[in-house]
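Pasted below: coords-v2.txt, compact mmCIF, C-alpha atoms.
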```txt
# COMPACT_ATOMS: atom_id res chain seq x y z
CA MET A 1 -5.21 17.02 16.15
CA ILE A 2 -2.67 14.60 14.71
CA GLY A 3 -0.46 15.89 11.90
CA ASP A 4 -0.15 19.33 10.33
CA VAL A 5 -1.84 22.38 11.80
CA PRO A 6 -3.54 24.64 9.25
CA ASN A 7 -1.64 27.85 8.42
CA VAL A 8 1.47 26.84 10.39
CA GLU A 9 4.67 26.04 8.50
CA ALA A 10 7.88 24.38 9.71
CA GLY A 11 10.25 27.08 10.94
CA GLN A 12 7.52 29.34 12.34
CA GLU A 13 8.55 30.94 15.63
CA PHE A 14 6.55 31.65 18.76
CA GLY A 15 7.62 33.97 21.56
CA THR A 16 5.97 31.89 24.28
CA ARG A 17 4.40 28.48 24.78
CA ARG A 18 1.03 30.17 25.10
CA GLN A 19 1.40 31.45 21.54
CA ALA A 20 2.23 27.91 20.39
CA HIS A 21 -0.82 26.73 22.33
CA GLU A 22 -3.09 29.30 20.69
CA ALA A 23 -1.79 28.29 17.25
CA GLY A 24 -2.63 24.65 18.01
CA VAL A 25 0.97 23.46 17.60
CA HIS A 26 1.38 22.25 21.21
CA ARG A 27 -1.67 22.56 23.43
CA PRO A 28 -0.26 22.02 26.99
CA LEU A 29 1.33 25.05 28.61
CA GLN A 30 3.73 22.96 30.71
CA ALA A 31 3.77 19.27 29.74
CA GLY A 32 6.33 18.25 27.13
CA ILE A 33 4.11 15.59 25.52
CA CYS A 34 0.60 16.23 24.24
CA GLY A 35 -1.58 13.17 23.66
CA THR A 36 -3.11 10.03 25.12
CA LYS A 37 -2.62 6.30 24.76
CA LYS A 38 -5.85 6.11 22.75
CA THR A 39 -5.09 8.90 20.26
CA GLY A 40 -1.28 8.91 20.13
CA ALA A 41 1.03 11.88 20.65
CA GLU A 42 0.02 15.09 18.90
CA SER A 43 3.24 16.94 19.70
CA ILE A 44 6.34 17.14 21.87
CA VAL A 45 8.56 19.98 23.08
CA VAL A 46 12.34 19.57 22.91
CA SER A 47 13.64 22.06 25.44
CA GLY A 48 16.43 20.52 27.50
CA GLY A 49 14.14 19.28 30.24
CA TYR A 50 15.85 15.87 30.39
CA LYS A 51 19.64 15.53 30.44
CA ASP A 52 19.51 12.23 28.50
CA ASP A 53 17.93 13.86 25.42
CA GLU A 54 19.96 13.95 22.18
CA ASP A 55 19.18 16.23 19.24
CA TYR A 56 20.78 15.84 15.81
CA GLY A 57 18.34 17.91 13.81
CA ASP A 58 16.52 15.36 11.69
CA VAL A 59 16.94 12.72 14.43
CA ILE A 60 15.87 13.22 18.05
CA VAL A 61 16.38 10.82 20.95
CA TYR A 62 13.64 12.01 23.25
CA THR A 63 13.39 11.02 26.91
CA GLY A 64 9.91 10.20 28.14
CA HIS A 65 8.06 11.91 30.96
CA GLY A 66 8.15 11.26 34.69
CA GLY A 67 10.44 10.56 37.65
CA GLN A 68 12.00 14.04 38.00
CA ASP A 69 12.23 16.38 40.96
CA GLY A 70 11.78 20.13 40.74
CA ALA A 71 15.46 20.64 39.94
CA GLY A 72 15.42 18.48 36.81
CA ASN A 73 17.08 15.43 38.39
CA GLN A 74 15.79 11.90 37.76
CA VAL A 75 14.81 10.53 41.16
CA SER A 76 12.67 7.52 40.21
CA ASP A 77 12.03 5.15 37.33
CA GLN A 78 9.84 6.16 34.41
CA SER A 79 6.86 4.05 33.34
CA LEU A 80 5.02 3.46 30.10
CA ASP A 81 1.83 3.83 32.12
CA ASP A 82 2.44 7.58 32.09
CA SER A 83 -0.07 9.06 29.64
CA GLY A 84 2.57 10.99 27.68
CA ASN A 85 4.87 7.99 27.29
CA ALA A 86 1.91 5.76 26.40
CA ALA A 87 0.91 8.30 23.74
CA LEU A 88 4.35 8.06 22.09
CA VAL A 89 4.12 4.26 22.13
CA THR A 90 0.79 4.50 20.28
CA SER A 91 2.35 6.88 17.74
CA TYR A 92 5.05 4.27 17.15
CA LEU A 93 2.64 1.35 16.87
CA GLU A 94 0.25 3.19 14.57
CA GLY A 95 2.85 5.03 12.48
CA LEU A 96 1.37 8.43 13.37
CA PRO A 97 3.18 11.74 12.80
CA VAL A 98 4.26 13.86 15.79
CA ARG A 99 4.71 17.63 15.70
CA VAL A 100 8.03 18.85 17.15
CA LEU A 101 8.42 22.18 18.91
CA ARG A 102 11.94 23.20 19.94
CA GLY A 103 12.52 25.60 22.83
CA TYR A 104 15.32 28.03 23.63
CA GLN A 105 16.13 26.13 26.86
CA GLY A 106 17.65 23.26 24.89
CA ASP A 107 21.44 23.09 24.89
CA ALA A 108 21.57 21.43 21.47
CA PRO A 109 22.80 23.35 18.40
CA TYR A 110 19.32 23.20 16.91
CA ALA A 111 17.60 25.11 19.72
CA PRO A 112 16.25 28.57 18.77
CA ALA A 113 18.02 31.59 20.26
CA ALA A 114 14.78 32.72 21.90
CA GLY A 115 11.24 31.48 22.33
CA TYR A 116 10.01 28.39 20.51
CA ARG A 117 10.08 27.15 16.93
CA TYR A 118 7.84 24.65 15.19
CA ASP A 119 10.07 22.24 13.27
CA GLY A 120 7.56 20.06 11.43
CA LEU A 121 6.51 16.42 11.54
CA TYR A 122 8.58 13.51 12.86
CA ARG A 123 7.78 9.80 13.20
CA VAL A 124 8.64 7.55 16.16
CA ILE A 125 11.00 4.95 14.69
CA SER A 126 11.79 2.95 17.83
CA TYR A 127 11.68 3.10 21.61
CA GLY A 128 13.41 1.38 24.51
CA SER A 129 14.43 1.58 28.14
CA LYS A 130 17.83 2.09 29.77
CA LEU A 131 19.46 3.46 32.90
CA GLY A 132 19.71 7.21 32.55
CA LEU A 133 22.57 9.44 33.63
CA ASP A 134 21.05 9.71 37.13
CA GLY A 135 20.88 5.93 37.52
CA PHE A 136 17.14 5.42 37.11
CA LEU A 137 15.19 3.64 34.38
CA ILE A 138 14.10 5.95 31.58
CA TRP A 139 12.20 5.36 28.36
CA GLN A 140 13.58 6.93 25.20
CA PHE A 141 11.95 7.41 21.82
CA ARG A 142 13.87 7.87 18.57
CA LEU A 143 12.10 10.27 16.24
CA GLU A 144 13.12 10.93 12.63
CA ALA A 145 11.91 13.76 10.44
CA TYR A 146 9.66 13.04 7.49
CA ALA A 147 11.34 13.38 4.10
CA ASP A 148 9.64 16.72 3.41
CA THR A 149 10.39 18.16 6.87
CA PRO A 150 13.26 20.68 6.57
CA THR A 151 16.18 20.15 8.94
CA PRO A 152 16.57 23.22 11.18
CA GLN A 153 19.70 25.33 10.80
CA ALA A 154 22.33 24.37 13.39
CA VAL A 155 23.99 27.13 15.40
CA GLN A 156 27.04 24.90 15.68
CA GLN A 157 27.94 21.50 14.30
CA PRO A 158 26.60 18.81 16.68
CA GLU A 159 28.89 16.09 17.96
CA LEU A 160 27.53 12.86 16.54
CA PRO A 161 28.07 9.56 18.38
CA ASN A 162 31.51 8.07 17.71
CA LYS A 163 31.72 5.36 15.06
CA PRO A 164 34.99 3.40 15.15
CA VAL A 165 36.68 3.60 11.77
CA ASP A 166 39.41 1.42 10.27
CA SER A 167 42.26 3.90 9.70
CA GLN A 168 43.53 2.16 6.55
CA TYR A 169 40.30 1.64 4.65
CA GLY A 170 37.93 4.08 6.35
CA ALA A 171 35.46 1.28 6.99
CA VAL A 172 33.20 1.12 10.02
CA THR A 173 34.47 -1.71 12.20
CA GLY A 174 31.89 -1.58 14.99
CA ASN A 175 32.00 -0.94 18.71
CA GLU A 176 33.59 -3.44 21.10
CA SER A 177 31.59 -2.07 24.05
CA PRO A 178 28.17 -1.10 22.72
CA GLU A 179 25.66 0.48 25.06
CA ARG A 180 22.97 -1.94 26.21
CA ILE A 181 19.43 -0.78 25.53
CA THR A 182 16.16 -2.71 25.40
CA SER A 183 14.41 -1.60 22.23
CA THR A 184 11.62 -2.41 19.82
CA VAL A 185 11.88 -1.74 16.10
CA GLN A 186 9.26 -2.01 13.38
CA ARG A 187 8.85 -1.31 9.71
CA ILE A 188 6.94 1.91 9.09
CA VAL A 189 3.23 1.33 8.55
CA ARG A 190 1.10 4.47 8.37
CA SER A 191 -2.27 3.85 9.99
CA SER A 192 -5.32 5.74 8.76
CA THR A 193 -8.43 6.44 10.82
CA VAL A 194 -10.20 3.66 8.90
CA LYS A 195 -7.50 1.11 9.74
CA ARG A 196 -7.38 2.16 13.36
CA GLN A 197 -11.13 1.63 13.67
CA VAL A 198 -10.88 -1.93 12.37
CA LYS A 199 -7.93 -2.69 14.63
CA THR A 200 -9.86 -1.33 17.60
CA TRP A 201 -12.87 -3.53 16.82
CA HIS A 202 -10.61 -6.60 16.81
CA ASP A 203 -8.45 -5.47 19.74
CA ASN A 204 -5.31 -5.86 17.59
CA ARG A 205 -5.93 -9.60 17.19
CA CYS A 206 -5.26 -11.06 13.74
CA GLN A 207 -8.48 -12.16 12.00
CA VAL A 208 -6.63 -15.00 10.27
CA CYS A 209 -4.29 -16.57 12.84
CA ASP A 210 -5.66 -14.96 16.04
CA LEU A 211 -2.22 -13.64 17.04
CA ARG A 212 -2.12 -10.52 19.22
CA ILE A 213 1.42 -9.13 19.40
CA GLU A 214 2.17 -7.74 22.85
CA VAL A 215 4.89 -5.11 23.16
CA PRO A 216 5.92 -2.88 26.10
CA GLY A 217 3.10 -0.41 26.56
CA GLY A 218 0.57 -1.91 24.17
CA SER A 219 -0.19 -4.33 21.36
CA TYR A 220 0.44 -4.28 17.62
CA SER A 221 -1.44 -5.23 14.49
CA GLU A 222 -1.76 -3.92 10.95
CA GLY A 223 -4.72 -2.77 8.91
CA ALA A 224 -4.66 -4.52 5.53
CA HIS A 225 -6.74 -3.51 2.52
CA ILE A 226 -8.35 -6.52 0.86
CA ARG A 227 -8.71 -4.82 -2.52
CA ALA A 228 -5.64 -2.67 -3.02
CA LEU A 229 -5.99 1.10 -3.18
CA GLY A 230 -5.01 3.03 -6.29
CA SER A 231 -4.74 2.06 -9.92
CA PRO A 232 -5.33 -0.52 -11.28
CA HIS A 233 -7.31 -2.06 -8.39
CA ASN A 234 -9.02 1.10 -7.07
CA GLY A 235 -10.22 -0.39 -3.82
CA PRO A 236 -12.21 1.80 -1.42
CA ASP A 237 -10.63 3.14 1.77
CA THR A 238 -13.46 1.89 3.97
CA THR A 239 -13.65 -0.38 7.02
CA SER A 240 -15.41 -3.03 4.90
CA ASN A 241 -12.26 -3.30 2.75
CA VAL A 242 -9.83 -3.58 5.67
CA LEU A 243 -8.81 -6.56 7.80
CA CYS A 244 -6.96 -6.56 11.13
CA LEU A 245 -3.91 -8.79 10.58
CA CYS A 246 -0.54 -9.61 12.10
CA PRO A 247 2.45 -8.58 9.94
CA ASN A 248 2.96 -12.13 8.59
CA CYS A 249 -0.65 -12.57 7.48
CA HIS A 250 -0.64 -9.03 6.06
CA VAL A 251 2.31 -9.86 3.81
CA MET A 252 0.70 -13.15 2.75
CA LEU A 253 -2.59 -11.42 1.91
CA ASP A 254 -0.84 -8.73 -0.13
CA ALA A 255 1.20 -11.34 -2.00
CA GLY A 256 -1.71 -13.71 -2.67
CA ALA A 257 -0.48 -16.49 -0.37
CA ILE A 258 -3.72 -15.99 1.55
CA VAL A 259 -7.11 -15.61 -0.16
CA ILE A 260 -10.62 -15.73 1.27
CA GLU A 261 -13.64 -17.66 0.02
CA ASP A 262 -17.18 -16.26 0.00
CA ASP A 263 -17.99 -18.26 3.15
CA LEU A 264 -14.92 -16.62 4.82
CA THR A 265 -12.83 -19.78 4.64
CA VAL A 266 -9.18 -18.77 4.59
CA LEU A 267 -7.02 -20.51 1.98
CA ARG A 268 -3.28 -20.53 2.67
CA GLY A 269 -1.25 -21.92 -0.19
CA GLY A 270 -4.47 -23.19 -1.73
CA GLN A 271 -5.41 -25.23 1.35
CA PRO A 272 -8.14 -24.43 3.93
CA ALA A 273 -6.59 -22.84 7.03
CA GLY A 274 -9.58 -21.94 9.17
CA THR A 275 -12.25 -19.26 8.98
CA LEU A 276 -11.76 -15.51 9.00
CA ARG A 277 -12.77 -14.29 12.44
CA SER A 278 -15.57 -11.73 12.23
CA ASP A 279 -17.13 -9.09 14.46
CA PRO A 280 -20.74 -7.86 14.26
CA ARG A 281 -19.51 -4.26 13.98
CA HIS A 282 -17.24 -5.11 11.06
CA THR A 283 -18.96 -5.79 7.75
CA ILE A 284 -16.75 -7.34 5.04
CA ASP A 285 -17.21 -6.15 1.44
CA MET A 286 -17.52 -9.44 -0.44
CA GLU A 287 -16.94 -7.73 -3.80
CA CYS A 288 -13.50 -6.71 -2.52
CA VAL A 289 -12.89 -10.28 -1.34
CA ARG A 290 -13.80 -11.64 -4.80
CA HIS A 291 -11.65 -9.03 -6.53
CA HIS A 292 -8.66 -10.07 -4.40
CA ARG A 293 -9.29 -13.74 -5.13
CA VAL A 294 -9.60 -13.18 -8.89
CA ARG A 295 -6.47 -11.03 -8.85
CA TRP A 296 -4.50 -13.98 -7.58
CA ARG A 297 -6.32 -16.41 -9.90
CA ARG A 298 -7.90 -18.49 -7.11
```

Now that the file is in, can you turn its structure into structure tokens?
Amino acid sequence: MIGDVPNVEAGQEFGTRRQAHEAGVHRPLQAGICGTKKTGAESIVVSGGYKDDEDYGDVIVYTGHGGQDGAGNQVSDQSLDDSGNAALVTSYLEGLPVRVLRGYQGDAPYAPAAGYRYDGLYRVISYGSKLGLDGFLIWQFRLEAYADTPTPQAVQQPELPNKPVDSQYGAVTGNESPERITSTVQRIVRSSTVKRQVKTWHDNRCQVCDLRIEVPGGSYSEGAHIRALGSPHNGPDTTSNVLCLCPNCHVMLDAGAIVIEDDLTVLRGGQPAGTLRSDPRHTIDMECVRHHRVRWRR
């Protein structure tokens, strides 16, 4: 299950991981990441298992799975082919929430004194690779708490990363020797089950320009409603009202720079720009197409 678990609130404590498993908060009894590349990550456990982890309460820099020996040392490179790491990449690409469970083993000020504590929903904001403290490649995922997720009470004030400050004006001046990290950043786009179905049918390839954006560990596209949801447009949240688009074409559709004719001719700036690619599994609601076209007076 992605998202909230019924009858479990942020801050609820569990004496053991089995209790958290039985409550549905984190199903694996040992693995720190629950999920698959197809579904995304359901949950993670922050428990000090990786020395490169950083925990600031509402922000977590979480080290992916793999490459460790039995003593907790990194002895080989991590890979995004690992199912847990691939699941976190999907959560990032699809904008899916991830449940966070903190364990007493963590050395951060936000770790519970004993057992485990469910700390609510976080989103994966970015991810990237770097050389870890043991000298091997690791993948790290930055997670930030949702606005309505309460920040856990810190046992002690955490030491935040240093930010050079101009002593006279108190202004941030930057860092002359910034750490090098390969990363990928996106704007937050929450993907519903309906959107994910359409994107799966089209294999993340834009129906307008045919672009498929490849990123480490997967590919990216956006589900775009033809007729906008909510008042005053009141479009349906159905697959027939959703297109699989790249970010550029999504913005142009939403702003009326792209409209679609009844024969699926795509007009960009009022000029024909090809035909909307279709799929036999994906029926397009032509009433929604006409509503969008009328909205933008085309």

| CA of Pro152 in chain A to CA of Tyr110 in chain A, distance in Å rounded to a single decimal | 6.4 Å

| request: Up to 12 Å from (0.7, -11.8, 5.7) in the file's coordinates: name the residues, counting only C-alpha atoms, as a PyMOL selection string. | output: chain A and resi 206-209+211+221-226+243-259+268-269

| Selection: 10 Å around Val61 in chain A, only C-alpha atoms, excl. self and same-chain fewer than 2 positions, as number ranges by chain | A: 46, 52-56, 59, 63-64, 124, 126-127, 140-144

| query | Quick one: of A:Leu29, A:Ala108, A:Val242, A:Met1, who's nearest to Leu229 in chain A, counting only C-alpha atoms? | reply | A:Val242

List the spatial neighbours of Arg117 in chain A as a JSON list (two decimals) with C-alpha atoms, keeping the file's coordinate frame - criterion: any atom at most 10 Å away, only C-alpha atoms, same-chain residues fewer than 2 positions off excluded.
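Wrote selection-v3.json, looks like this:
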```json
[["chain", "number", "residue", "atom", "x", "y", "z"],
["A", 10, "ALA", "CA", 7.88, 24.38, 9.71],
["A", 11, "GLY", "CA", 10.25, 27.08, 10.94],
["A", 12, "GLN", "CA", 7.52, 29.34, 12.34],
["A", 13, "GLU", "CA", 8.55, 30.94, 15.63],
["A", 14, "PHE", "CA", 6.55, 31.65, 18.76],
["A", 15, "GLY", "CA", 7.62, 33.97, 21.56],
["A", 16, "THR", "CA", 5.97, 31.89, 24.28],
["A", 17, "ARG", "CA", 4.40, 28.48, 24.78],
["A", 20, "ALA", "CA", 2.23, 27.91, 20.39],
["A", 25, "VAL", "CA", 0.97, 23.46, 17.60],
["A", 45, "VAL", "CA", 8.56, 19.98, 23.08],
["A", 46, "VAL", "CA", 12.34, 19.57, 22.91],
["A", 100, "VAL", "CA", 8.03, 18.85, 17.15],
["A", 101, "LEU", "CA", 8.42, 22.18, 18.91],
["A", 102, "ARG", "CA", 11.94, 23.20, 19.94],
["A", 103, "GLY", "CA", 12.52, 25.60, 22.83],
["A", 104, "TYR", "CA", 15.32, 28.03, 23.63],
["A", 111, "ALA", "CA", 17.60, 25.11, 19.72],
["A", 112, "PRO", "CA", 16.25, 28.57, 18.77],
["A", 113, "ALA", "CA", 18.02, 31.59, 20.26],
["A", 114, "ALA", "CA", 14.78, 32.72, 21.90],
["A", 115, "GLY", "CA", 11.24, 31.48, 22.33],
["A", 119, "ASP", "CA", 10.07, 22.24, 13.27],
["A", 120, "GLY", "CA", 7.56, 20.06, 11.43],
["A", 152, "PRO", "CA", 16.57, 23.22, 11.18]]
```

| field | Non-local contacts of Pro6 in chain A (10 Å; all atoms listed in the file; under 3 positions in same chain excluded) as a ChimeraX atom specification | value | /A:3,9,23-25

Determine, for each residue of range 215-263 of chain A having at least one atom at most 7 Å from an atom of range 274-289 of chain A, the closest pair of atoms and their separation in Å to one decimal, counting all atoms listed in the file; order by chain and ascending number, as a Markdown table.
```
| residue | atom | partner | partner_atom | distance |
| --- | --- | --- | --- | --- |
| A:Ile226 | CA | A:Cys288 | CA | 6.2 |
| A:Arg227 | CA | A:Cys288 | CA | 5.1 |
| A:Ser240 | CA | A:Ile284 | CA | 4.5 |
| A:Asn241 | CA | A:Asp285 | CA | 5.9 |
| A:Ile260 | CA | A:Val289 | CA | 6.5 |
| A:Asp262 | CA | A:Met286 | CA | 6.8 |
```

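Note that the spacing between CA of Gln19 in chain A and CA of Gln74 in chain A amounts to 29.2 Å.
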
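Minimum atom-to-atom distance to Gly66 in chain A, evaluated using all atoms listed in the file, belongs to A:Ile138 out of A:Val155, A:Ile138, A:Ala86, A:Leu131.
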
| field | Residue list as a ChimeraX atom specification for point (19.7, 5.0, 36.8), cut-off 12 Å, all atoms listed in the file | value | /A:52,67-68,73-78,129-139
